[in-house]
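> I'm passing along protein21.tsv; it holds TSV, C-alpha atoms.
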```tsv
chain	number	residue	atom	x	y	z
A	1	MET	CA	70.61	4.82	-19.76
A	2	ALA	CA	69.90	1.20	-18.82
A	3	THR	CA	68.27	0.36	-15.51
A	4	GLU	CA	68.32	-3.08	-13.91
A	5	VAL	CA	64.93	-4.74	-13.58
A	6	ARG	CA	64.58	-7.82	-11.38
A	7	VAL	CA	61.92	-10.18	-12.64
A	8	PRO	CA	60.00	-12.68	-10.47
A	9	THR	CA	59.88	-16.38	-11.32
A	10	ILE	CA	56.39	-16.17	-12.73
A	11	LEU	CA	57.39	-13.56	-15.35
A	12	ARG	CA	60.63	-15.19	-16.48
A	13	GLU	CA	58.75	-16.94	-19.29
A	14	PHE	CA	58.84	-13.55	-21.02
A	15	THR	CA	62.55	-12.95	-20.46
A	16	GLY	CA	63.82	-16.32	-21.61
A	17	GLY	CA	64.36	-17.38	-18.01
A	18	GLU	CA	66.48	-14.38	-17.06
A	19	LYS	CA	65.93	-13.15	-13.51
A	20	ALA	CA	67.36	-9.69	-14.21
A	21	VAL	CA	67.21	-7.67	-17.40
A	22	THR	CA	67.79	-4.02	-18.28
A	23	ALA	CA	65.40	-1.42	-19.62
A	24	GLU	CA	65.62	2.22	-20.63
A	25	GLY	CA	63.41	5.12	-19.71
A	26	PRO	CA	63.18	8.16	-17.46
A	27	THR	CA	60.01	6.99	-15.67
A	28	LEU	CA	58.57	3.67	-14.58
A	29	GLN	CA	55.92	3.98	-17.30
A	30	ALA	CA	58.65	4.34	-19.94
A	31	ILE	CA	60.64	1.47	-18.43
A	32	ILE	CA	57.60	-0.82	-18.64
A	33	ALA	CA	56.96	0.23	-22.25
A	34	ASN	CA	60.60	-0.54	-23.08
A	35	LEU	CA	60.37	-3.92	-21.30
A	36	ASP	CA	57.27	-4.79	-23.29
A	37	ALA	CA	58.97	-3.78	-26.54
A	38	ASN	CA	61.84	-6.19	-25.80
A	39	TYR	CA	59.80	-8.91	-24.03
A	40	PRO	CA	56.37	-8.81	-25.67
A	41	GLY	CA	53.48	-9.50	-23.35
A	42	ILE	CA	55.20	-8.61	-20.09
A	43	GLY	CA	53.52	-5.20	-20.09
A	44	GLY	CA	50.09	-6.81	-19.95
A	45	ARG	CA	51.08	-8.66	-16.77
A	46	LEU	CA	52.10	-5.42	-15.06
A	47	LEU	CA	49.44	-2.99	-16.27
A	48	ASP	CA	45.71	-2.96	-16.75
A	49	SER	CA	43.27	-0.22	-17.79
A	50	SER	CA	43.67	1.51	-14.42
A	51	GLY	CA	47.48	1.53	-14.41
A	52	LEU	CA	49.72	-0.71	-12.33
A	53	ARG	CA	47.89	-3.98	-11.58
A	54	ARG	CA	46.54	-4.28	-8.05
A	55	PHE	CA	48.38	-7.47	-7.09
A	56	VAL	CA	51.73	-6.63	-8.69
A	57	ASN	CA	54.23	-4.78	-6.50
A	58	VAL	CA	56.94	-2.71	-8.13
A	59	TYR	CA	59.79	-1.22	-6.13
A	60	LEU	CA	62.29	1.50	-6.96
A	61	ASN	CA	65.26	0.30	-4.95
A	62	ASP	CA	63.51	-0.73	-1.70
A	63	GLU	CA	60.43	1.49	-1.91
A	64	ASP	CA	57.04	0.46	-3.24
A	65	VAL	CA	56.36	2.88	-6.13
A	66	ARG	CA	52.77	3.29	-4.87
A	67	PHE	CA	54.33	5.42	-2.12
A	68	LEU	CA	56.39	7.38	-4.65
A	69	ASP	CA	54.85	8.61	-7.91
A	70	GLY	CA	53.44	5.37	-9.24
A	71	LEU	CA	54.00	5.02	-12.96
A	72	ASP	CA	55.39	8.60	-13.05
A	73	THR	CA	58.20	7.71	-10.64
A	74	ALA	CA	61.50	9.00	-12.01
A	75	VAL	CA	64.12	6.33	-12.70
A	76	THR	CA	67.86	6.59	-13.37
A	77	GLU	CA	70.40	3.95	-14.40
A	78	ARG	CA	71.71	3.86	-10.84
A	79	ASP	CA	68.35	2.56	-9.59
A	80	ALA	CA	67.12	-1.02	-9.45
A	81	ILE	CA	63.52	-1.90	-10.19
A	82	THR	CA	62.14	-5.05	-8.53
A	83	ILE	CA	58.86	-6.67	-9.51
A	84	LEU	CA	57.18	-9.00	-6.99
A	85	PRO	CA	53.68	-10.43	-7.39
A	86	ALA	CA	51.63	-9.93	-4.26
A	87	VAL	CA	51.33	-12.91	-1.96
A	88	ALA	CA	47.61	-12.86	-1.30
A	89	GLY	CA	44.45	-14.86	-1.42
A	90	GLY	CA	41.12	-15.44	0.23
B	91	MET	CA	54.31	-34.62	-2.24
B	92	LEU	CA	55.07	-32.24	0.60
B	93	ARG	CA	57.69	-33.50	3.05
B	94	ILE	CA	57.63	-31.44	6.19
B	95	ARG	CA	58.72	-31.69	9.83
B	96	GLN	CA	56.10	-32.08	12.55
B	97	ASP	CA	57.28	-28.97	14.39
B	98	LEU	CA	56.68	-26.85	11.28
B	99	VAL	CA	53.16	-28.24	10.90
B	100	ASP	CA	52.55	-27.45	14.56
B	101	ARG	CA	53.71	-23.88	14.06
B	102	ILE	CA	51.40	-23.36	11.06
B	103	VAL	CA	48.44	-24.60	13.09
B	104	GLU	CA	49.40	-22.51	16.11
B	105	HIS	CA	49.67	-19.39	13.95
B	106	ALA	CA	46.26	-20.07	12.38
B	107	ARG	CA	44.66	-20.57	15.80
B	108	THR	CA	46.26	-17.42	17.20
B	109	ASP	CA	45.10	-15.21	14.35
B	110	HIS	CA	41.58	-16.63	14.11
B	111	PRO	CA	39.12	-15.08	13.23
B	112	ASP	CA	41.48	-13.39	10.77
B	113	GLU	CA	43.27	-15.43	8.14
B	114	ALA	CA	46.87	-16.21	9.07
B	115	CYS	CA	49.58	-16.37	6.43
B	116	GLY	CA	53.27	-17.03	6.02
B	117	VAL	CA	56.09	-18.77	4.23
B	118	ILE	CA	58.46	-21.60	5.02
B	119	ALA	CA	61.72	-20.99	3.18
B	120	GLY	CA	64.21	-23.65	2.21
B	121	PRO	CA	67.45	-23.93	0.23
B	122	GLU	CA	66.90	-23.11	-3.45
B	123	GLY	CA	66.11	-26.24	-5.42
B	124	SER	CA	65.94	-28.50	-2.33
B	125	ASP	CA	62.15	-28.69	-1.90
B	126	ARG	CA	62.87	-28.83	1.87
B	127	PRO	CA	60.84	-26.46	4.04
B	128	GLU	CA	63.15	-25.36	6.85
B	129	ARG	CA	62.79	-21.75	8.01
B	130	PHE	CA	59.38	-20.79	9.36
B	131	ILE	CA	58.44	-17.19	8.57
B	132	PRO	CA	55.01	-16.12	9.83
B	133	MET	CA	53.84	-12.95	8.12
B	134	VAL	CA	51.45	-10.21	9.13
B	135	ASN	CA	48.17	-10.31	7.22
B	136	ALA	CA	48.01	-6.67	6.15
B	137	ALA	CA	44.36	-7.16	5.19
B	138	ARG	CA	43.47	-8.34	8.74
B	139	SER	CA	40.40	-10.04	7.35
B	140	PRO	CA	38.52	-13.28	8.03
B	141	THR	CA	38.23	-13.85	4.30
B	142	PHE	CA	41.36	-12.36	2.70
B	143	TYR	CA	45.10	-12.23	3.27
B	144	GLU	CA	47.89	-10.19	1.76
B	145	PHE	CA	51.51	-9.67	2.77
B	146	ASP	CA	52.33	-5.99	3.30
B	147	SER	CA	54.38	-4.89	0.26
B	148	GLY	CA	57.33	-3.72	2.36
B	149	ASP	CA	57.38	-6.99	4.32
B	150	LEU	CA	57.24	-8.88	1.03
B	151	PHE	CA	60.25	-7.00	-0.33
B	152	ARG	CA	62.31	-7.67	2.80
B	153	LEU	CA	61.28	-11.35	2.79
B	154	TYR	CA	62.45	-11.87	-0.80
B	155	LYS	CA	65.63	-9.89	-0.21
B	156	ASP	CA	66.44	-12.10	2.80
B	157	MET	CA	65.68	-15.30	0.92
B	158	GLN	CA	67.85	-14.22	-1.98
B	159	ALA	CA	70.74	-13.41	0.39
B	160	ASN	CA	70.34	-16.89	1.93
B	161	ASP	CA	69.98	-18.70	-1.42
B	162	GLU	CA	66.50	-19.71	-0.32
B	163	GLU	CA	63.17	-19.88	-2.04
B	164	PRO	CA	59.61	-20.05	-0.68
B	165	VAL	CA	58.99	-23.81	-0.42
B	166	VAL	CA	55.68	-23.50	1.42
B	167	VAL	CA	53.20	-20.62	1.24
B	168	TYR	CA	50.55	-21.19	3.91
B	169	HIS	CA	47.36	-19.47	4.94
B	170	SER	CA	44.24	-20.30	6.89
B	171	HIS	CA	40.56	-20.33	6.12
B	172	THR	CA	38.46	-19.39	9.13
B	173	ALA	CA	35.00	-20.49	8.05
B	174	THR	CA	35.50	-22.68	5.02
B	175	GLU	CA	37.34	-25.84	4.15
B	176	ALA	CA	41.09	-26.10	3.65
B	177	TYR	CA	40.80	-25.98	-0.12
B	178	PRO	CA	42.05	-23.15	-2.39
B	179	SER	CA	39.36	-20.60	-3.19
B	180	ARG	CA	38.98	-19.01	-6.63
B	181	THR	CA	40.89	-16.02	-5.28
B	182	ASP	CA	43.69	-18.26	-3.99
B	183	ILE	CA	43.98	-19.85	-7.41
B	184	ALA	CA	43.86	-16.55	-9.30
B	185	LEU	CA	46.56	-14.97	-7.13
B	186	ALA	CA	48.95	-17.90	-6.70
B	187	SER	CA	52.20	-16.52	-8.05
B	188	GLU	CA	54.88	-19.00	-6.94
B	189	PRO	CA	54.61	-21.97	-9.30
B	190	GLY	CA	57.26	-23.93	-7.42
B	191	ALA	CA	55.69	-23.61	-3.98
B	192	HIS	CA	53.54	-25.99	-1.99
B	193	TYR	CA	50.39	-24.10	-1.04
B	194	VAL	CA	49.34	-25.26	2.41
B	195	LEU	CA	45.88	-24.50	3.65
B	196	VAL	CA	44.65	-24.95	7.18
B	197	SER	CA	41.07	-24.45	8.32
B	198	THR	CA	40.15	-23.17	11.78
B	199	ARG	CA	36.41	-23.45	11.20
B	200	GLU	CA	35.99	-26.31	13.70
B	201	THR	CA	37.82	-24.92	16.70
B	202	GLY	CA	38.73	-21.26	16.17
B	203	ASN	CA	41.41	-20.26	18.65
B	204	ALA	CA	41.21	-23.45	20.67
B	205	GLU	CA	42.96	-26.81	20.46
B	206	GLY	CA	41.16	-29.57	18.66
B	207	PRO	CA	40.73	-31.03	15.20
B	208	TYR	CA	41.95	-29.06	12.22
B	209	GLU	CA	42.24	-29.64	8.50
B	210	LEU	CA	45.66	-29.10	6.92
B	211	ARG	CA	46.14	-29.93	3.25
B	212	SER	CA	48.71	-29.15	0.59
B	213	TYR	CA	48.38	-28.23	-3.07
B	214	ARG	CA	50.31	-27.26	-6.14
B	215	ILE	CA	48.79	-24.36	-8.05
B	216	VAL	CA	50.32	-23.88	-11.49
B	217	ASN	CA	48.77	-21.90	-14.37
B	218	GLY	CA	45.41	-21.83	-12.64
B	219	GLU	CA	45.34	-25.59	-12.06
B	220	VAL	CA	45.07	-26.99	-8.53
B	221	SER	CA	46.30	-30.43	-7.65
B	222	GLU	CA	46.20	-31.75	-4.12
B	223	GLU	CA	49.25	-33.64	-2.93
B	224	PRO	CA	49.95	-36.00	-0.05
B	225	ILE	CA	51.80	-34.72	3.00
B	226	GLU	CA	54.55	-36.79	4.62
B	227	ILE	CA	55.18	-35.51	8.13
B	228	HIS	CA	58.41	-36.53	9.81
B	229	ASP	CA	60.12	-35.63	13.03
B	230	LEU	CA	63.71	-34.54	13.48
B	231	GLN	CA	64.99	-38.06	14.09
B	232	ASN	CA	63.79	-39.19	10.69
B	233	LEU	CA	65.54	-36.44	8.72
B	234	GLY	CA	68.08	-38.85	7.30
B	235	SER	CA	65.49	-41.24	5.82
```
Using the file provided, produce a representation of the structure as structure tokens.

Amino acid sequence: MATEVRVPTILREFTGGEKAVTAEGPTLQAIIANLDANYPGIGGRLLDSSGLRRFVNVYLNDEDVRFLDGLDTAVTERDAITILPAVAGG
Amino acid sequence: MLRIRQDLVDRIVEHARTDHPDEACGVIAGPEGSDRPERFIPMVNAARSPTFYEFDSGDLFRLYKDMQANDEEPVVVYHSHTATEAYPSRTDIALASEPGAHYVLVSTRETGNAEGPYELRSYRIVNGEVSEEPIEIHDLQNLGS
């Protein structure tokens, strides 16, 4: 059950330059764990001790998962996950 | 070096003045790999703050989807500082996530919403390192040179 995950430029160092990879798992949390197993270190850029990092946006299809079920959001192989770092500053 | 048209510089400054005292923010997209800023895309500062900016996450998704469909990338990411100099703050450096972009900063501390002198400077921010770069401003007639 492989789901497409679109990776932003700044995280392609973990995926050997690939802009889209696949991952398996029934929830976003499982998908991220699977990504980290295949691309070590990427998990640490997405998660911190409180869950999904504040300035990383993750979308299930075109919806921000923060408006769905966060890390518990259910994922199928027909979905596409997109990761976009926030554009922000002070 | 940032090579940019005068009309795009004018639009960045105008946006910053309009949104003052909140920080203004936006992107100028250009063809992937060209390093040419062409399409001005002002964004809403979802934080609506004089000291912080953030693109709304939905706006961000649509922006990147559009750029991908157009084979574009963000060549310039700009924002304004309303009370401090046009230099990247620690937060700007920590959150810079487009290593290929020119980060343009404009300061409205001198004039606020009015016309008058402004600071506009450009930087590369890669792996937490800031390096300022010169800006070459040209007008439409000089595009060929």
> Which of these, A:Pro85, A:Gly90, A:Gly51, A:Gly41, has the shortest distance to Thr9 (chain A) once you count all atoms listed in the file?
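Closest to Thr9 (chain A), using all atoms listed in the file: A:Pro85.
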> Using only C-alpha atoms, find each residue in chain B having at least one atom no more than 6 Å away from chain A; report its shortest atom-to-atom pair and that distance in Å (one decimal), rows by chain then rising number, as a Markdown table.

```
| residue | atom | partner | partner_atom | distance |
| --- | --- | --- | --- | --- |
| B:Thr141 | CA | A:Gly90 | CA | 5.2 |
| B:Phe142 | CA | A:Gly90 | CA | 4.0 |
| B:Tyr143 | CA | A:Ala88 | CA | 5.3 |
| B:Glu144 | CA | A:Ala88 | CA | 4.1 |
| B:Phe145 | CA | A:Val87 | CA | 5.7 |
| B:Thr181 | CA | A:Gly89 | CA | 5.4 |
| B:Asp182 | CA | A:Gly89 | CA | 4.3 |
```
> Please indicate the distance in Å from CA of Asn203 (chain B) to CA of Pro111 (chain B), rounded to one decimal place.
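Between these atoms lies a distance of 7.8 Å.
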> Go through B:Val165, B:Ile131, B:Val216, B:Leu195 one by one, measure the shortest atom-to-atom distance of each to Val103 (chain B) using all atoms listed in the file, and give the residue with the smallest value.
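For Val103 (chain B), the nearest of the given residues is B:Leu195.
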> Using all atoms listed in the file and a cutoff of 8 Å, can you tell me which residues are near (50.2, -27.9, 3.3) in the file's coordinates, and write them out as a PDB file with C-alpha atoms, in the frame of the given file?

```pdb
ATOM      1  CA  LEU B  92      55.070 -32.240   0.600  1.00  0.00           C
ATOM      2  CA  VAL B 166      55.680 -23.500   1.420  1.00  0.00           C
ATOM      3  CA  TYR B 168      50.550 -21.190   3.910  1.00  0.00           C
ATOM      4  CA  HIS B 192      53.540 -25.990  -1.990  1.00  0.00           C
ATOM      5  CA  TYR B 193      50.390 -24.100  -1.040  1.00  0.00           C
ATOM      6  CA  VAL B 194      49.340 -25.260   2.410  1.00  0.00           C
ATOM      7  CA  LEU B 195      45.880 -24.500   3.650  1.00  0.00           C
ATOM      8  CA  VAL B 196      44.650 -24.950   7.180  1.00  0.00           C
ATOM      9  CA  LEU B 210      45.660 -29.100   6.920  1.00  0.00           C
ATOM     10  CA  ARG B 211      46.140 -29.930   3.250  1.00  0.00           C
ATOM     11  CA  SER B 212      48.710 -29.150   0.590  1.00  0.00           C
ATOM     12  CA  TYR B 213      48.380 -28.230  -3.070  1.00  0.00           C
ATOM     13  CA  ILE B 225      51.800 -34.720   3.000  1.00  0.00           C
TER      14      ILE B 225
END
```
> With a distance cut-off of 12 Å and all atoms listed in the file, select the neighbouring residues of Met157 (chain B), excluding the residue or stretch itself and same-chain residues fewer than 3 positions from it, and output the selection as a PyMOL selection string.
chain B and resi 117-122+128-131+150-154+160-165
> What does the structure give for the distance between CA of Phe14 (chain A) and CA of Leu60 (chain A), in Å to one decimal?
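Those two atoms sit 20.9 Å apart.
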> So, with only C-alpha atoms as the atoms that count, which of A:Arg78, A:Lys19, A:Arg54, A:Arg45 lies closest to Ala2 (chain A)?
A:Arg78
> Would you list the contacts of Asp69 (chain A) as a ChimeraX atom specification, taking every protein, DNA or RNA residue within 10 Å and counting only C-alpha atoms, but skipping same-chain residues closer than 5 positions in sequence?
/A:27-28,64,74
> Would you mind reading off the distance between CA of Asn38 (chain A) and CA of Glu13 (chain A), one decimal, in Å?
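Interatomic distance here is 12.9 Å.
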> Can you put N, CA and C atoms back into region 2-32 of chain A and show it as a PDB file, in the coordinates of the input?

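Once everything was written out, this is rebuild.pdb:
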```pdb
ATOM      1  N   ALA A   2      70.560   2.490 -19.059  1.00  0.00           N
ATOM      2  CA  ALA A   2      69.900   1.200 -18.820  1.00  0.00           C
ATOM      3  C   ALA A   2      69.782   0.932 -17.325  1.00  0.00           C
ATOM      4  N   THR A   3      68.561   0.622 -16.917  1.00  0.00           N
ATOM      5  CA  THR A   3      68.270   0.360 -15.510  1.00  0.00           C
ATOM      6  C   THR A   3      68.041  -1.128 -15.300  1.00  0.00           C
ATOM      7  N   GLU A   4      68.530  -1.660 -14.207  1.00  0.00           N
ATOM      8  CA  GLU A   4      68.320  -3.080 -13.910  1.00  0.00           C
ATOM      9  C   GLU A   4      66.884  -3.313 -13.453  1.00  0.00           C
ATOM     10  N   VAL A   5      66.282  -4.346 -13.989  1.00  0.00           N
ATOM     11  CA  VAL A   5      64.930  -4.740 -13.580  1.00  0.00           C
ATOM     12  C   VAL A   5      64.968  -6.198 -13.147  1.00  0.00           C
ATOM     13  N   ARG A   6      64.584  -6.448 -11.916  1.00  0.00           N
ATOM     14  CA  ARG A   6      64.580  -7.820 -11.380  1.00  0.00           C
ATOM     15  C   ARG A   6      63.190  -8.410 -11.562  1.00  0.00           C
ATOM     16  N   VAL A   7      63.162  -9.575 -12.164  1.00  0.00           N
ATOM     17  CA  VAL A   7      61.920 -10.180 -12.640  1.00  0.00           C
ATOM     18  C   VAL A   7      61.575 -11.410 -11.777  1.00  0.00           C
ATOM     19  N   PRO A   8      60.337 -11.530 -11.309  1.00  0.00           N
ATOM     20  CA  PRO A   8      60.000 -12.680 -10.470  1.00  0.00           C
ATOM     21  C   PRO A   8      59.871 -13.950 -11.306  1.00  0.00           C
ATOM     22  N   THR A   9      59.941 -15.082 -10.636  1.00  0.00           N
ATOM     23  CA  THR A   9      59.880 -16.380 -11.320  1.00  0.00           C
ATOM     24  C   THR A   9      58.749 -16.455 -12.325  1.00  0.00           C
ATOM     25  N   ILE A  10      57.570 -15.980 -11.907  1.00  0.00           N
ATOM     26  CA  ILE A  10      56.390 -16.170 -12.730  1.00  0.00           C
ATOM     27  C   ILE A  10      56.429 -15.348 -14.018  1.00  0.00           C
ATOM     28  N   LEU A  11      57.309 -14.349 -14.128  1.00  0.00           N
ATOM     29  CA  LEU A  11      57.390 -13.560 -15.350  1.00  0.00           C
ATOM     30  C   LEU A  11      58.617 -13.910 -16.194  1.00  0.00           C
ATOM     31  N   ARG A  12      59.405 -14.881 -15.733  1.00  0.00           N
ATOM     32  CA  ARG A  12      60.630 -15.190 -16.480  1.00  0.00           C
ATOM     33  C   ARG A  12      60.353 -15.908 -17.787  1.00  0.00           C
ATOM     34  N   GLU A  13      59.119 -16.377 -17.983  1.00  0.00           N
ATOM     35  CA  GLU A  13      58.750 -16.940 -19.290  1.00  0.00           C
ATOM     36  C   GLU A  13      58.865 -15.888 -20.377  1.00  0.00           C
ATOM     37  N   PHE A  14      58.743 -14.606 -20.025  1.00  0.00           N
ATOM     38  CA  PHE A  14      58.840 -13.550 -21.020  1.00  0.00           C
ATOM     39  C   PHE A  14      60.289 -13.169 -21.299  1.00  0.00           C
ATOM     40  N   THR A  15      61.172 -13.415 -20.317  1.00  0.00           N
ATOM     41  CA  THR A  15      62.550 -12.950 -20.460  1.00  0.00           C
ATOM     42  C   THR A  15      63.506 -14.098 -20.784  1.00  0.00           C
ATOM     43  N   GLY A  16      62.968 -15.182 -21.276  1.00  0.00           N
ATOM     44  CA  GLY A  16      63.820 -16.320 -21.610  1.00  0.00           C
ATOM     45  C   GLY A  16      64.482 -16.914 -20.383  1.00  0.00           C
ATOM     46  N   GLY A  17      63.816 -16.801 -19.239  1.00  0.00           N
ATOM     47  CA  GLY A  17      64.360 -17.380 -18.010  1.00  0.00           C
ATOM     48  C   GLY A  17      65.267 -16.457 -17.234  1.00  0.00           C
ATOM     49  N   GLU A  18      65.585 -15.306 -17.768  1.00  0.00           N
ATOM     50  CA  GLU A  18      66.480 -14.380 -17.060  1.00  0.00           C
ATOM     51  C   GLU A  18      65.804 -13.780 -15.853  1.00  0.00           C
ATOM     52  N   LYS A  19      66.505 -13.727 -14.717  1.00  0.00           N
ATOM     53  CA  LYS A  19      65.930 -13.150 -13.510  1.00  0.00           C
ATOM     54  C   LYS A  19      66.197 -11.660 -13.390  1.00  0.00           C
ATOM     55  N   ALA A  20      67.118 -11.131 -14.197  1.00  0.00           N
ATOM     56  CA  ALA A  20      67.360  -9.690 -14.210  1.00  0.00           C
ATOM     57  C   ALA A  20      67.639  -9.275 -15.644  1.00  0.00           C
ATOM     58  N   VAL A  21      67.000  -8.205 -16.052  1.00  0.00           N
ATOM     59  CA  VAL A  21      67.210  -7.670 -17.400  1.00  0.00           C
ATOM     60  C   VAL A  21      67.444  -6.169 -17.247  1.00  0.00           C
ATOM     61  N   THR A  22      67.680  -5.472 -18.363  1.00  0.00           N
ATOM     62  CA  THR A  22      67.790  -4.020 -18.280  1.00  0.00           C
ATOM     63  C   THR A  22      66.723  -3.398 -19.170  1.00  0.00           C
ATOM     64  N   ALA A  23      66.377  -2.159 -18.826  1.00  0.00           N
ATOM     65  CA  ALA A  23      65.400  -1.420 -19.620  1.00  0.00           C
ATOM     66  C   ALA A  23      65.776   0.050 -19.567  1.00  0.00           C
ATOM     67  N   GLU A  24      65.284   0.794 -20.565  1.00  0.00           N
ATOM     68  CA  GLU A  24      65.620   2.220 -20.630  1.00  0.00           C
ATOM     69  C   GLU A  24      64.365   3.050 -20.469  1.00  0.00           C
ATOM     70  N   GLY A  25      64.542   4.188 -19.829  1.00  0.00           N
ATOM     71  CA  GLY A  25      63.410   5.120 -19.710  1.00  0.00           C
ATOM     72  C   GLY A  25      63.564   5.999 -18.495  1.00  0.00           C
ATOM     73  N   PRO A  26      63.042   7.218 -18.573  1.00  0.00           N
ATOM     74  CA  PRO A  26      63.180   8.160 -17.460  1.00  0.00           C
ATOM     75  C   PRO A  26      62.135   7.979 -16.364  1.00  0.00           C
ATOM     76  N   THR A  27      61.066   7.226 -16.675  1.00  0.00           N
ATOM     77  CA  THR A  27      60.010   6.990 -15.670  1.00  0.00           C
ATOM     78  C   THR A  27      59.669   5.507 -15.670  1.00  0.00           C
ATOM     79  N   LEU A  28      58.975   5.075 -14.648  1.00  0.00           N
ATOM     80  CA  LEU A  28      58.570   3.670 -14.580  1.00  0.00           C
ATOM     81  C   LEU A  28      57.686   3.315 -15.772  1.00  0.00           C
ATOM     82  N   GLN A  29      56.801   4.229 -16.149  1.00  0.00           N
ATOM     83  CA  GLN A  29      55.920   3.980 -17.300  1.00  0.00           C
ATOM     84  C   GLN A  29      56.754   3.704 -18.550  1.00  0.00           C
ATOM     85  N   ALA A  30      57.793   4.522 -18.760  1.00  0.00           N
ATOM     86  CA  ALA A  30      58.650   4.340 -19.940  1.00  0.00           C
ATOM     87  C   ALA A  30      59.440   3.041 -19.843  1.00  0.00           C
ATOM     88  N   ILE A  31      59.893   2.726 -18.651  1.00  0.00           N
ATOM     89  CA  ILE A  31      60.640   1.470 -18.430  1.00  0.00           C
ATOM     90  C   ILE A  31      59.754   0.277 -18.800  1.00  0.00           C
ATOM     91  N   ILE A  32      58.496   0.292 -18.350  1.00  0.00           N
ATOM     92  CA  ILE A  32      57.600  -0.820 -18.640  1.00  0.00           C
ATOM     93  C   ILE A  32      57.333  -0.916 -20.142  1.00  0.00           C
TER      94      ILE A  32
END
```
